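Asker: This is the content of start.cif (mmCIF, C-alpha atoms):
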```cif
data_input
#
loop_
_atom_site.group_PDB
_atom_site.id
_atom_site.type_symbol
_atom_site.label_atom_id
_atom_site.label_comp_id
_atom_site.auth_asym_id
_atom_site.auth_seq_id
_atom_site.Cartn_x
_atom_site.Cartn_y
_atom_site.Cartn_z
ATOM 1 C CA MET A 1 38.047 -2.830 23.854
ATOM 2 C CA ALA A 2 39.628 0.553 23.408
ATOM 3 C CA ASN A 3 41.233 3.024 25.815
ATOM 4 C CA THR A 4 39.942 6.567 25.554
ATOM 5 C CA ASP A 5 41.888 9.766 26.211
ATOM 6 C CA TRP A 6 38.963 12.061 26.976
ATOM 7 C CA GLU A 7 41.231 15.149 26.966
ATOM 8 C CA LYS A 8 42.579 14.620 23.440
ATOM 9 C CA GLY A 9 39.647 12.675 22.045
ATOM 10 C CA ALA A 10 41.900 9.880 20.843
ATOM 11 C CA LEU A 11 41.209 6.174 20.968
ATOM 12 C CA SER A 12 43.936 3.619 21.371
ATOM 13 C CA ALA A 13 43.655 -0.128 21.116
ATOM 14 C CA ALA A 14 43.671 -1.949 24.417
ATOM 15 C CA SER A 15 45.892 -4.945 24.887
ATOM 16 C CA SER A 16 44.204 -8.132 23.777
ATOM 17 C CA ASN A 17 44.286 -9.556 27.330
ATOM 18 C CA ALA A 18 42.911 -6.459 29.027
ATOM 19 C CA ALA A 19 39.430 -6.560 30.486
ATOM 20 C CA PRO A 20 37.122 -3.636 29.764
ATOM 21 C CA ASP A 21 37.386 -0.829 32.284
ATOM 22 C CA TRP A 22 33.754 -0.235 33.228
ATOM 23 C CA GLU A 23 34.653 2.574 35.648
ATOM 24 C CA GLN A 24 36.178 4.817 32.975
ATOM 25 C CA GLY A 25 34.078 3.610 30.079
ATOM 26 C CA ALA A 26 35.224 2.031 26.872
ATOM 27 C CA LEU A 27 34.376 2.584 23.232
ATOM 28 C CA GLU A 28 34.487 0.206 20.325
ATOM 29 C CA ALA A 29 34.730 1.236 16.719
ATOM 30 C CA PRO A 30 31.429 0.657 14.899
ATOM 31 C CA LYS A 31 31.374 -2.440 12.778
ATOM 32 C CA SER A 32 31.087 -1.678 9.099
ATOM 33 C CA GLY A 33 28.171 -3.456 7.438
ATOM 34 C CA ARG A 34 29.356 -3.249 3.838
ATOM 35 C CA SER A 35 32.661 -2.935 2.061
ATOM 36 C CA ALA A 36 33.072 -0.980 -1.166
ATOM 37 C CA ASP A 37 32.995 -4.318 -2.998
ATOM 38 C CA ASP A 38 29.713 -5.207 -1.284
ATOM 39 C CA MET A 39 28.206 -1.857 -2.269
ATOM 40 C CA ALA A 40 29.264 -2.358 -5.882
ATOM 41 C CA LYS A 41 27.735 -5.868 -5.933
ATOM 42 C CA ASP A 42 24.495 -4.572 -4.448
ATOM 43 C CA ALA A 43 24.286 -1.677 -6.920
ATOM 44 C CA ALA A 44 24.916 -4.043 -9.839
ATOM 45 C CA ALA A 45 22.250 -6.478 -8.612
ATOM 46 C CA TRP A 46 19.663 -3.706 -8.181
ATOM 47 C CA ALA A 47 20.425 -2.289 -11.625
ATOM 48 C CA VAL A 48 20.224 -5.685 -13.334
ATOM 49 C CA LYS A 49 16.957 -6.556 -11.578
ATOM 50 C CA GLY A 50 15.572 -3.219 -12.743
ATOM 51 C CA ALA A 51 16.715 -3.938 -16.282
ATOM 52 C CA ILE A 52 15.042 -7.361 -16.180
ATOM 53 C CA ALA A 53 11.722 -5.701 -15.283
ATOM 54 C CA VAL A 54 11.487 -3.730 -18.558
ATOM 55 C CA PRO A 55 11.257 -6.637 -21.039
ATOM 56 C CA GLU A 56 9.201 -8.515 -18.460
ATOM 57 C CA ALA A 57 6.640 -5.685 -18.571
ATOM 58 C CA ALA A 58 6.620 -5.714 -22.374
ATOM 59 C CA VAL A 59 5.957 -9.452 -22.388
ATOM 60 C CA GLY A 60 3.211 -8.947 -19.816
ATOM 61 C CA VAL A 61 1.492 -6.411 -22.087
ATOM 62 C CA ALA A 62 1.867 -8.818 -25.012
ATOM 63 C CA ASP A 63 0.381 -11.572 -22.829
ATOM 64 C CA MET A 64 -2.684 -9.425 -22.138
ATOM 65 C CA VAL A 65 -3.209 -8.995 -25.866
ATOM 66 C CA THR A 66 -2.485 -12.611 -26.852
ATOM 67 C CA GLY A 67 -4.065 -14.395 -23.913
ATOM 68 C CA GLY A 68 -0.698 -15.471 -22.513
ATOM 69 C CA ARG A 69 0.640 -17.002 -25.726
ATOM 70 C CA ALA A 70 3.458 -14.460 -26.111
ATOM 71 C CA GLY A 71 4.937 -15.268 -22.718
ATOM 72 C CA LYS A 72 4.689 -19.012 -23.287
ATOM 73 C CA ALA A 73 6.397 -18.717 -26.671
ATOM 74 C CA LEU A 74 9.221 -16.637 -25.176
ATOM 75 C CA GLU A 75 9.575 -19.037 -22.268
ATOM 76 C CA GLU A 76 10.088 -21.887 -24.720
ATOM 77 C CA ILE A 77 13.105 -20.079 -26.180
ATOM 78 C CA GLY A 78 14.575 -19.310 -22.744
ATOM 79 C CA PHE A 79 13.013 -16.031 -21.568
ATOM 80 C CA ARG A 80 12.560 -16.591 -17.829
ATOM 81 C CA PRO A 81 12.782 -13.276 -15.974
ATOM 82 C CA LYS A 82 11.703 -14.721 -12.619
ATOM 83 C CA GLU A 83 14.571 -17.224 -12.665
ATOM 84 C CA ALA A 84 17.003 -14.536 -13.788
ATOM 85 C CA ARG A 85 15.943 -12.260 -10.928
ATOM 86 C CA GLU A 86 16.393 -15.109 -8.418
ATOM 87 C CA GLN A 87 19.926 -15.710 -9.697
ATOM 88 C CA VAL A 88 20.741 -12.000 -9.506
ATOM 89 C CA ASN A 89 19.512 -11.943 -5.886
ATOM 90 C CA ASP A 90 22.489 -14.172 -5.058
ATOM 91 C CA TRP A 91 24.815 -11.315 -6.073
ATOM 92 C CA HIS A 92 23.773 -9.233 -3.051
ATOM 93 C CA SER A 93 26.082 -8.855 -0.079
ATOM 94 C CA ASP A 94 25.281 -10.727 3.116
ATOM 95 C CA ALA A 95 24.420 -7.410 4.806
ATOM 96 C CA THR A 96 21.843 -6.609 2.123
ATOM 97 C CA LYS A 97 20.387 -10.113 2.287
ATOM 98 C CA ARG A 98 19.992 -9.692 6.064
ATOM 99 C CA ALA A 99 18.396 -6.256 5.613
ATOM 100 C CA GLN A 100 15.959 -7.617 3.036
ATOM 101 C CA GLN A 101 15.084 -10.541 5.293
ATOM 102 C CA GLU A 102 14.474 -8.212 8.257
ATOM 103 C CA PHE A 103 12.169 -6.107 6.092
ATOM 104 C CA GLN A 104 10.248 -9.145 4.828
ATOM 105 C CA GLN A 105 9.810 -10.486 8.367
ATOM 106 C CA ALA A 106 8.641 -7.141 9.781
ATOM 107 C CA GLU A 107 4.919 -7.033 10.467
ATOM 108 C CA GLY A 108 2.540 -4.155 9.898
ATOM 109 C CA PHE A 109 3.177 -0.653 8.650
ATOM 110 C CA GLY A 110 5.131 0.371 11.750
ATOM 111 C CA GLY A 111 7.337 -2.705 11.587
ATOM 112 C CA LYS A 112 8.065 -2.209 7.889
ATOM 113 C CA LEU A 113 8.802 1.490 8.453
ATOM 114 C CA LYS A 114 11.181 0.686 11.309
ATOM 115 C CA ALA A 115 12.965 -1.974 9.231
ATOM 116 C CA ALA A 116 13.298 0.454 6.301
ATOM 117 C CA VAL A 117 14.707 3.237 8.500
ATOM 118 C CA GLN A 118 17.150 0.854 10.182
ATOM 119 C CA ASN A 119 18.261 -0.476 6.779
ATOM 120 C CA PRO A 120 18.200 2.458 4.348
ATOM 121 C CA SER A 121 19.877 0.297 1.712
ATOM 122 C CA ASN A 122 16.443 -1.299 1.180
ATOM 123 C CA ILE A 123 15.074 2.106 0.192
ATOM 124 C CA VAL A 124 18.002 2.812 -2.135
ATOM 125 C CA GLY A 125 17.639 -0.629 -3.700
ATOM 126 C CA ALA A 126 13.925 -0.167 -4.319
ATOM 127 C CA VAL A 127 14.560 3.170 -6.029
ATOM 128 C CA VAL A 128 17.378 1.813 -8.211
ATOM 129 C CA GLU A 129 15.284 -1.225 -9.193
ATOM 130 C CA SER A 130 12.319 0.999 -10.049
ATOM 131 C CA LEU A 131 14.171 3.527 -12.211
ATOM 132 C CA PRO A 132 14.157 1.517 -15.465
ATOM 133 C CA SER A 133 10.412 0.876 -15.156
ATOM 134 C CA MET A 134 9.721 4.534 -14.365
ATOM 135 C CA LEU A 135 11.754 5.635 -17.384
ATOM 136 C CA THR A 136 9.895 3.127 -19.552
ATOM 137 C CA GLY A 137 6.547 4.416 -18.283
ATOM 138 C CA GLY A 138 7.687 7.939 -19.137
ATOM 139 C CA ALA A 139 8.695 6.841 -22.622
ATOM 140 C CA VAL A 140 5.290 5.212 -23.159
ATOM 141 C CA GLY A 141 3.650 8.433 -21.953
ATOM 142 C CA ARG A 142 5.717 10.532 -24.349
ATOM 143 C CA GLY A 143 4.770 8.189 -27.156
ATOM 144 C CA LEU A 144 1.111 8.639 -26.277
ATOM 145 C CA THR A 145 1.426 12.426 -26.340
ATOM 146 C CA ALA A 146 3.066 12.265 -29.755
ATOM 147 C CA ALA A 147 0.649 9.713 -31.246
ATOM 148 C CA THR A 148 -2.622 11.108 -29.892
ATOM 149 C CA ARG A 149 -4.289 14.416 -29.165
ATOM 150 C CA LEU A 150 -2.994 14.265 -25.608
ATOM 151 C CA GLY A 151 -0.007 16.249 -26.814
ATOM 152 C CA GLN A 152 -2.311 19.127 -27.714
ATOM 153 C CA MET A 153 -3.921 19.274 -24.261
ATOM 154 C CA GLY A 154 -0.958 20.801 -22.390
ATOM 155 C CA LEU A 155 -0.408 19.823 -18.787
ATOM 156 C CA LYS A 156 -3.656 17.868 -18.550
ATOM 157 C CA GLY A 157 -2.727 15.746 -21.562
ATOM 158 C CA ALA A 158 0.815 15.201 -20.289
ATOM 159 C CA THR A 159 -0.548 14.099 -16.910
ATOM 160 C CA ILE A 160 -2.973 11.665 -18.506
ATOM 161 C CA ALA A 161 -0.284 10.293 -20.825
ATOM 162 C CA GLY A 162 2.219 9.897 -17.962
ATOM 163 C CA ALA A 163 -0.331 8.086 -15.822
ATOM 164 C CA ALA A 164 -1.291 5.855 -18.730
ATOM 165 C CA GLY A 165 2.363 5.045 -19.441
ATOM 166 C CA GLU A 166 2.984 4.138 -15.815
ATOM 167 C CA GLY A 167 -0.222 2.092 -15.799
ATOM 168 C CA VAL A 168 0.754 0.157 -18.911
ATOM 169 C CA VAL A 169 4.168 -0.731 -17.460
ATOM 170 C CA GLY A 170 2.678 -1.679 -14.079
ATOM 171 C CA ALA A 171 -0.007 -3.811 -15.694
ATOM 172 C CA GLY A 172 2.578 -5.535 -17.853
ATOM 173 C CA GLN A 173 4.742 -6.324 -14.836
ATOM 174 C CA GLN A 174 1.770 -7.737 -12.954
ATOM 175 C CA ALA A 175 0.606 -9.779 -15.936
ATOM 176 C CA GLU A 176 3.968 -11.446 -16.410
#
```
Please express what this file holds, its structure, as C-alpha coordinates.

Answerer:
Amino acid sequence: MANTDWEKGALSAASSNAAPDWEQGALEAPKSGRSADDMAKDAAAWAVKGAIAVPEAAVGVADMVTGGRAGKALEEIGFRPKEAREQVNDWHSDATKRAQQEFQQAEGFGGKLKAAVQNPSNIVGAVVESLPSMLTGGAVGRGLTAATRLGQMGLKGATIAGAAGEGVVGAGQQAE
(Lines of atoms letter the chains of each structure in order from A and count residues from 1; the text may use other names and numbers.)
(Lines give C-alpha, C1' and ligand atoms only; values in the text may rest on other atoms or scores of the structure.)
Protein backbone atom coordinates (compact mmCIF):
# COMPACT_ATOMS: atom_id res chain seq x y z
CA MET A 1 0.00 0.00 0.00
CA ALA A 2 1.00 3.62 -0.23
CA ASN A 3 1.02 6.49 2.27
CA THR A 4 -0.66 9.65 1.06
CA ASP A 5 0.25 13.22 2.01
CA TRP A 6 -3.09 14.87 1.26
CA GLU A 7 -1.60 18.37 1.73
CA LYS A 8 1.15 17.98 -0.88
CA GLY A 9 -0.56 15.38 -3.05
CA ALA A 10 2.44 13.08 -2.89
CA LEU A 11 2.43 9.32 -2.57
CA SER A 12 5.15 7.43 -0.80
CA ALA A 13 5.67 3.71 -0.65
CA ALA A 14 4.65 2.09 2.60
CA SER A 15 6.97 -0.33 4.29
CA SER A 16 6.48 -3.86 3.03
CA ASN A 17 5.34 -5.06 6.49
CA ALA A 18 2.87 -2.25 7.09
CA ALA A 19 -0.82 -3.03 7.07
CA PRO A 20 -3.11 -0.70 5.13
CA ASP A 21 -4.40 2.21 7.16
CA TRP A 22 -8.14 2.06 6.52
CA GLU A 23 -8.83 5.11 8.71
CA GLN A 24 -6.76 7.50 6.58
CA GLY A 25 -7.24 5.73 3.27
CA ALA A 26 -4.62 4.28 1.01
CA LEU A 27 -3.98 4.47 -2.71
CA GLU A 28 -2.27 2.03 -5.01
CA ALA A 29 -0.76 2.92 -8.33
CA PRO A 30 -2.86 1.56 -11.20
CA LYS A 31 -1.50 -1.58 -12.75
CA SER A 32 -0.38 -1.07 -16.32
CA GLY A 33 -1.99 -3.51 -18.74
CA ARG A 34 0.51 -3.23 -21.58
CA SER A 35 4.14 -2.30 -21.94
CA ALA A 36 5.48 -0.46 -24.98
CA ASP A 37 6.75 -3.82 -26.24
CA ASP A 38 3.27 -5.30 -25.85
CA MET A 39 1.74 -2.41 -27.77
CA ALA A 40 4.25 -2.84 -30.59
CA LYS A 41 3.52 -6.59 -30.77
CA ASP A 42 -0.21 -5.95 -30.86
CA ALA A 43 0.10 -3.29 -33.57
CA ALA A 44 2.28 -5.60 -35.67
CA ALA A 45 -0.18 -8.49 -35.28
CA TRP A 46 -3.16 -6.32 -36.26
CA ALA A 47 -1.31 -4.94 -39.29
CA VAL A 48 -0.19 -8.38 -40.48
CA LYS A 49 -3.68 -9.84 -40.05
CA GLY A 50 -5.03 -6.94 -42.09
CA ALA A 51 -2.43 -7.57 -44.77
CA ILE A 52 -3.37 -11.26 -44.88
CA ALA A 53 -7.00 -10.31 -45.58
CA VAL A 54 -6.21 -8.59 -48.91
CA PRO A 55 -4.89 -11.59 -50.89
CA GLU A 56 -7.46 -13.74 -49.10
CA ALA A 57 -10.20 -11.54 -50.57
CA ALA A 58 -8.65 -11.75 -54.04
CA VAL A 59 -8.58 -15.54 -53.82
CA GLY A 60 -12.18 -15.51 -52.62
CA VAL A 61 -13.24 -13.51 -55.69
CA ALA A 62 -11.28 -15.92 -57.90
CA ASP A 63 -13.02 -18.82 -56.13
CA MET A 64 -16.42 -17.35 -56.98
CA VAL A 65 -15.44 -17.22 -60.64
CA THR A 66 -13.75 -20.64 -60.78
CA GLY A 67 -16.06 -22.58 -58.49
CA GLY A 68 -13.43 -22.84 -55.76
CA ARG A 69 -10.64 -24.20 -57.96
CA ALA A 70 -8.41 -21.14 -57.54
CA GLY A 71 -8.34 -21.45 -53.76
CA LYS A 72 -7.66 -25.18 -53.89
CA ALA A 73 -4.80 -24.69 -56.34
CA LEU A 74 -3.25 -21.98 -54.15
CA GLU A 75 -3.71 -24.11 -51.04
CA GLU A 76 -1.74 -26.90 -52.70
CA ILE A 77 1.24 -24.56 -53.09
CA GLY A 78 1.01 -23.33 -49.48
CA PHE A 79 -1.45 -20.41 -49.45
CA ARG A 80 -3.29 -20.87 -46.15
CA PRO A 81 -4.43 -17.50 -44.81
CA LYS A 82 -6.52 -18.98 -41.99
CA GLU A 83 -3.49 -20.81 -40.58
CA ALA A 84 -1.33 -17.72 -41.00
CA ARG A 85 -3.85 -15.59 -39.11
CA GLU A 86 -3.98 -18.16 -36.27
CA GLN A 87 -0.19 -18.05 -35.97
CA VAL A 88 -0.19 -14.25 -35.97
CA ASN A 89 -2.78 -14.28 -33.16
CA ASP A 90 -0.07 -15.78 -30.95
CA TRP A 91 1.93 -12.54 -31.33
CA HIS A 92 -0.61 -10.59 -29.26
CA SER A 93 0.17 -9.58 -25.70
CA ASP A 94 -1.53 -11.43 -22.86
CA ALA A 95 -3.57 -8.30 -22.09
CA THR A 96 -4.92 -8.19 -25.65
CA LYS A 97 -5.67 -11.92 -25.61
CA ARG A 98 -7.65 -11.41 -22.38
CA ALA A 99 -9.50 -8.42 -23.86
CA GLN A 100 -10.38 -10.39 -26.99
CA GLN A 101 -11.58 -13.33 -24.89
CA GLU A 102 -13.75 -11.04 -22.74
CA PHE A 103 -15.29 -9.59 -25.89
CA GLN A 104 -15.96 -13.02 -27.39
CA GLN A 105 -17.57 -14.25 -24.17
CA ALA A 106 -19.78 -11.17 -23.77
CA GLU A 107 -23.41 -11.83 -24.62
CA GLY A 108 -25.82 -9.56 -26.45
CA PHE A 109 -25.35 -6.07 -27.79
CA GLY A 110 -25.05 -4.50 -24.34
CA GLY A 111 -22.47 -7.04 -23.22
CA LYS A 112 -20.39 -6.57 -26.37
CA LEU A 113 -20.61 -2.78 -26.05
CA LYS A 114 -19.52 -2.92 -22.41
CA ALA A 115 -16.60 -5.23 -23.26
CA ALA A 116 -15.53 -2.93 -26.11
CA VAL A 117 -15.66 0.19 -23.92
CA GLN A 118 -13.74 -1.53 -21.12
CA ASN A 119 -11.12 -2.76 -23.61
CA PRO A 120 -10.69 -0.02 -26.23
CA SER A 121 -7.73 -1.90 -27.69
CA ASN A 122 -10.30 -4.21 -29.31
CA ILE A 123 -11.72 -1.23 -31.19
CA VAL A 124 -8.27 -0.03 -32.26
CA GLY A 125 -7.35 -3.54 -33.38
CA ALA A 126 -10.50 -3.91 -35.46
CA VAL A 127 -9.82 -0.60 -37.20
CA VAL A 128 -6.16 -1.43 -37.91
CA GLU A 129 -7.10 -4.89 -39.23
CA SER A 130 -9.79 -3.39 -41.46
CA LEU A 131 -7.69 -0.63 -43.03
CA PRO A 132 -6.02 -2.75 -45.74
CA SER A 133 -9.38 -4.16 -46.84
CA MET A 134 -10.97 -0.71 -46.87
CA LEU A 135 -8.11 0.66 -48.96
CA THR A 136 -8.44 -2.29 -51.34
CA GLY A 137 -12.18 -1.69 -51.66
CA GLY A 138 -11.43 1.95 -52.45
CA ALA A 139 -8.91 0.93 -55.09
CA VAL A 140 -11.45 -1.41 -56.70
CA GLY A 141 -13.98 1.44 -56.66
CA ARG A 142 -11.52 3.81 -58.31
CA GLY A 143 -10.80 1.19 -60.93
CA LEU A 144 -14.51 0.89 -61.62
CA THR A 145 -14.87 4.65 -62.05
CA ALA A 146 -11.98 4.68 -64.50
CA ALA A 147 -13.08 1.60 -66.47
CA THR A 148 -16.81 2.32 -66.70
CA ARG A 149 -19.18 5.23 -67.12
CA LEU A 150 -19.45 5.53 -63.36
CA GLY A 151 -16.64 8.05 -63.54
CA GLN A 152 -18.84 10.32 -65.64
CA MET A 153 -21.72 10.28 -63.15
CA GLY A 154 -20.10 12.50 -60.48
CA LEU A 155 -20.92 11.83 -56.86
CA LYS A 156 -23.58 9.24 -57.66
CA GLY A 157 -21.13 7.22 -59.76
CA ALA A 158 -18.39 7.51 -57.14
CA THR A 159 -20.80 6.31 -54.46
CA ILE A 160 -21.89 3.34 -56.54
CA ALA A 161 -18.29 2.46 -57.42
CA GLY A 162 -17.15 2.75 -53.78
CA ALA A 163 -19.99 0.54 -52.59
CA ALA A 164 -19.27 -1.98 -55.33
CA GLY A 165 -15.56 -2.02 -54.44
CA GLU A 166 -16.34 -2.60 -50.77
CA GLY A 167 -18.85 -5.29 -51.75
CA VAL A 168 -16.36 -7.11 -53.95
CA VAL A 169 -13.74 -7.18 -51.17
CA GLY A 170 -16.30 -8.26 -48.55
CA ALA A 171 -17.66 -10.99 -50.80
CA GLY A 172 -14.16 -12.23 -51.53
CA GLN A 173 -13.32 -12.39 -47.83
CA GLN A 174 -16.50 -14.31 -47.09
CA ALA A 175 -15.96 -16.70 -50.00
CA GLU A 176 -12.46 -17.63 -48.90

Asker: As a check of understanding, name the residues that the PyMOL selection byres ((chain A and resi 49) around 10) selects in the supplied structure, as an MDAnalysis selection string.

Answerer: chainID A and resid 43:48 50:54 81:82 84:89 125 128:130 132

Asker: Compare A:Gly110, A:Gly154, A:Gly170, A:Pro120 by their minimum atom-to-atom distance to Gly138 of chain A, counting only C-alpha atoms, and give me the closest one.

Answerer: A:Gly170

Asker: Quick one: residues within 9 Å of Gly71 of chain A, only C-alpha atoms, excluding same-chain residues fewer than 5 positions away - as a list in words?

Answerer: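 Contacts, in chain order: Val59, Gly60, Ala62, Asp63, Thr66, Glu76, Phe79 and Glu176 of chain A.
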
Asker: Provide the atom CA of Leu155 of chain A to atom CA of Gly143 of chain A distance in Å, to one decimal place.

Answerer: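 So the answer is 15.2 Å.
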
Asker: Excluding Ala139 of chain A and residues on its chain fewer than 5 positions from it, collect all residues at most 9 Å away from it, counting all atoms listed in the file, and give them as a PDB file with C-alpha atoms, in the frame of the given file.

Answerer:
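Just written: out_21.pdb:
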```
ATOM      1  CA  MET A 134       9.721   4.534 -14.365  1.00  0.00           C
ATOM      2  CA  LEU A 144       1.111   8.639 -26.277  1.00  0.00           C
ATOM      3  CA  GLY A 162       2.219   9.897 -17.962  1.00  0.00           C
ATOM      4  CA  GLY A 165       2.363   5.045 -19.441  1.00  0.00           C
TER       5      GLY A 165
END
```

Asker: Would you compute the distance between atom CA of Gly167 of chain A and atom CA of Thr136 of chain A? Give it in Å to one decimal.

Answerer: 10.8 Å

Asker: Applied to the shown file, which residues does the PyMOL selection byres ((chain A and resi 38) around 9) return, written as an MDAnalysis selection string?

Answerer: chainID A and resid 34:37 39:43 92:96

Asker: Restricting the calculation to all atoms listed in the file, which member of A:Gln100, A:Gln174, A:Gly141, A:Gln152 is positioned closest to Ile123 of chain A?

Answerer: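 Of A:Gln100, A:Gln174, A:Gly141, A:Gln152, the one nearest Ile123 of chain A is A:Gln100, counting all atoms listed in the file.
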
Asker: So what do you get for atom CA of Ala73 of chain A versus atom CA of Ala171 of chain A, distance-wise?

Answerer: 19.6 Å

Asker: Kindly indicate which residue among A:Arg149, A:Ala99, A:Gly172, A:Glu75 lies nearest to Ser121 of chain A, using all atoms listed in the file for the distances.

Answerer: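 Closest candidate: A:Ala99.
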
Asker: Counting all atoms listed in the file, figure out which residue out of A:Gly108, A:Ala126, A:Phe103, A:Pro55 gets nearest to Arg80 of chain A.

Answerer: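 Comparing A:Gly108, A:Ala126, A:Phe103, A:Pro55 against Arg80 of chain A, the winner is A:Pro55.
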
Asker: May I have the residues within 8 Å of Ala161 of chain A as a list of chain:residue names, using all atoms listed in the file and disregarding those fewer than 3 positions away in the same chain?

Answerer: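 So the residues in contact are A:Val140, A:Gly141, A:Arg142, A:Leu144, A:Thr145, A:Leu150, A:Gly157, A:Ala158, A:Ala164, A:Gly165.
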
Asker: Since the input has fewer atoms than a full residue there, write segment 32-65 of chain A out with N, CA and C atoms, as a JSON list (two decimals), in the frame of the given file.

Answerer:
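After the write, result_7.json holds the following:
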```json
[["chain", "number", "residue", "atom", "x", "y", "z"],
["A", 32, "SER", "N", 31.56, -2.07, 10.42],
["A", 32, "SER", "CA", 31.09, -1.68, 9.10],
["A", 32, "SER", "C", 30.24, -2.80, 8.52],
["A", 33, "GLY", "N", 29.07, -2.45, 7.98],
["A", 33, "GLY", "CA", 28.17, -3.46, 7.44],
["A", 33, "GLY", "C", 28.53, -3.88, 6.03],
["A", 34, "ARG", "N", 29.09, -2.95, 5.25],
["A", 34, "ARG", "CA", 29.36, -3.25, 3.84],
["A", 34, "ARG", "C", 30.70, -2.67, 3.41],
["A", 35, "SER", "N", 31.43, -3.44, 2.66],
["A", 35, "SER", "CA", 32.66, -2.94, 2.06],
["A", 35, "SER", "C", 32.32, -2.26, 0.73],
["A", 36, "ALA", "N", 33.29, -1.61, 0.14],
["A", 36, "ALA", "CA", 33.07, -0.98, -1.17],
["A", 36, "ALA", "C", 32.71, -2.04, -2.20],
["A", 37, "ASP", "N", 33.31, -3.21, -2.09],
["A", 37, "ASP", "CA", 32.99, -4.32, -3.00],
["A", 37, "ASP", "C", 31.55, -4.76, -2.82],
["A", 38, "ASP", "N", 31.10, -4.84, -1.56],
["A", 38, "ASP", "CA", 29.71, -5.21, -1.28],
["A", 38, "ASP", "C", 28.75, -4.19, -1.88],
["A", 39, "MET", "N", 29.07, -2.91, -1.73],
["A", 39, "MET", "CA", 28.21, -1.86, -2.27],
["A", 39, "MET", "C", 28.13, -1.94, -3.79],
["A", 40, "ALA", "N", 29.25, -2.23, -4.42],
["A", 40, "ALA", "CA", 29.26, -2.36, -5.88],
["A", 40, "ALA", "C", 28.43, -3.56, -6.33],
["A", 41, "LYS", "N", 28.54, -4.68, -5.61],
["A", 41, "LYS", "CA", 27.74, -5.87, -5.93],
["A", 41, "LYS", "C", 26.25, -5.57, -5.78],
["A", 42, "ASP", "N", 25.90, -4.90, -4.69],
["A", 42, "ASP", "CA", 24.50, -4.57, -4.45],
["A", 42, "ASP", "C", 23.96, -3.65, -5.53],
["A", 43, "ALA", "N", 24.72, -2.62, -5.88],
["A", 43, "ALA", "CA", 24.29, -1.68, -6.92],
["A", 43, "ALA", "C", 24.10, -2.40, -8.25],
["A", 44, "ALA", "N", 25.02, -3.29, -8.58],
["A", 44, "ALA", "CA", 24.92, -4.04, -9.84],
["A", 44, "ALA", "C", 23.68, -4.94, -9.82],
["A", 45, "ALA", "N", 23.43, -5.60, -8.71],
["A", 45, "ALA", "CA", 22.25, -6.48, -8.61],
["A", 45, "ALA", "C", 20.97, -5.68, -8.75],
["A", 46, "TRP", "N", 20.87, -4.53, -8.07],
["A", 46, "TRP", "CA", 19.66, -3.71, -8.18],
["A", 46, "TRP", "C", 19.46, -3.23, -9.61],
["A", 47, "ALA", "N", 20.54, -2.79, -10.25],
["A", 47, "ALA", "CA", 20.42, -2.29, -11.62],
["A", 47, "ALA", "C", 20.00, -3.40, -12.59],
["A", 48, "VAL", "N", 20.58, -4.57, -12.44],
["A", 48, "VAL", "CA", 20.22, -5.68, -13.33],
["A", 48, "VAL", "C", 18.78, -6.13, -13.10],
["A", 49, "LYS", "N", 18.35, -6.18, -11.84],
["A", 49, "LYS", "CA", 16.96, -6.56, -11.58],
["A", 49, "LYS", "C", 16.00, -5.52, -12.17],
["A", 50, "GLY", "N", 16.38, -4.25, -12.11],
["A", 50, "GLY", "CA", 15.57, -3.22, -12.74],
["A", 50, "GLY", "C", 15.52, -3.37, -14.24],
["A", 51, "ALA", "N", 16.66, -3.73, -14.83],
["A", 51, "ALA", "CA", 16.72, -3.94, -16.28],
["A", 51, "ALA", "C", 15.89, -5.15, -16.70],
["A", 52, "ILE", "N", 15.84, -6.17, -15.88],
["A", 52, "ILE", "CA", 15.04, -7.36, -16.18],
["A", 52, "ILE", "C", 13.55, -7.01, -16.21],
["A", 53, "ALA", "N", 13.14, -6.05, -15.39],
["A", 53, "ALA", "CA", 11.72, -5.70, -15.28],
["A", 53, "ALA", "C", 11.16, -5.08, -16.56],
["A", 54, "VAL", "N", 11.99, -4.41, -17.36],
["A", 54, "VAL", "CA", 11.49, -3.73, -18.56],
["A", 54, "VAL", "C", 10.99, -4.72, -19.62],
["A", 55, "PRO", "N", 11.81, -5.68, -20.07],
["A", 55, "PRO", "CA", 11.26, -6.64, -21.04],
["A", 55, "PRO", "C", 10.17, -7.52, -20.44],
["A", 56, "GLU", "N", 10.25, -7.74, -19.13],
["A", 56, "GLU", "CA", 9.20, -8.52, -18.46],
["A", 56, "GLU", "C", 7.86, -7.79, -18.58],
["A", 57, "ALA", "N", 7.87, -6.47, -18.43],
["A", 57, "ALA", "CA", 6.64, -5.68, -18.57],
["A", 57, "ALA", "C", 6.13, -5.74, -20.00],
["A", 58, "ALA", "N", 7.03, -5.65, -20.97],
["A", 58, "ALA", "CA", 6.62, -5.71, -22.37],
["A", 58, "ALA", "C", 5.97, -7.06, -22.69],
["A", 59, "VAL", "N", 6.54, -8.13, -22.17],
["A", 59, "VAL", "CA", 5.96, -9.45, -22.39],
["A", 59, "VAL", "C", 4.60, -9.56, -21.69],
["A", 60, "GLY", "N", 4.49, -8.95, -20.52],
["A", 60, "GLY", "CA", 3.21, -8.95, -19.82],
["A", 60, "GLY", "C", 2.12, -8.25, -20.61],
["A", 61, "VAL", "N", 2.46, -7.12, -21.24],
["A", 61, "VAL", "CA", 1.49, -6.41, -22.09],
["A", 61, "VAL", "C", 1.13, -7.29, -23.28],
["A", 62, "ALA", "N", 2.13, -7.92, -23.89],
["A", 62, "ALA", "CA", 1.87, -8.82, -25.01],
["A", 62, "ALA", "C", 1.00, -10.00, -24.58],
["A", 63, "ASP", "N", 1.21, -10.48, -23.36],
["A", 63, "ASP", "CA", 0.38, -11.57, -22.83],
["A", 63, "ASP", "C", -1.07, -11.15, -22.69],
["A", 64, "MET", "N", -1.30, -9.91, -22.28],
["A", 64, "MET", "CA", -2.68, -9.43, -22.14],
["A", 64, "MET", "C", -3.38, -9.39, -23.49],
["A", 65, "VAL", "N", -2.63, -9.08, -24.52],
["A", 65, "VAL", "CA", -3.21, -8.99, -25.87],
["A", 65, "VAL", "C", -3.40, -10.38, -26.48]]
```
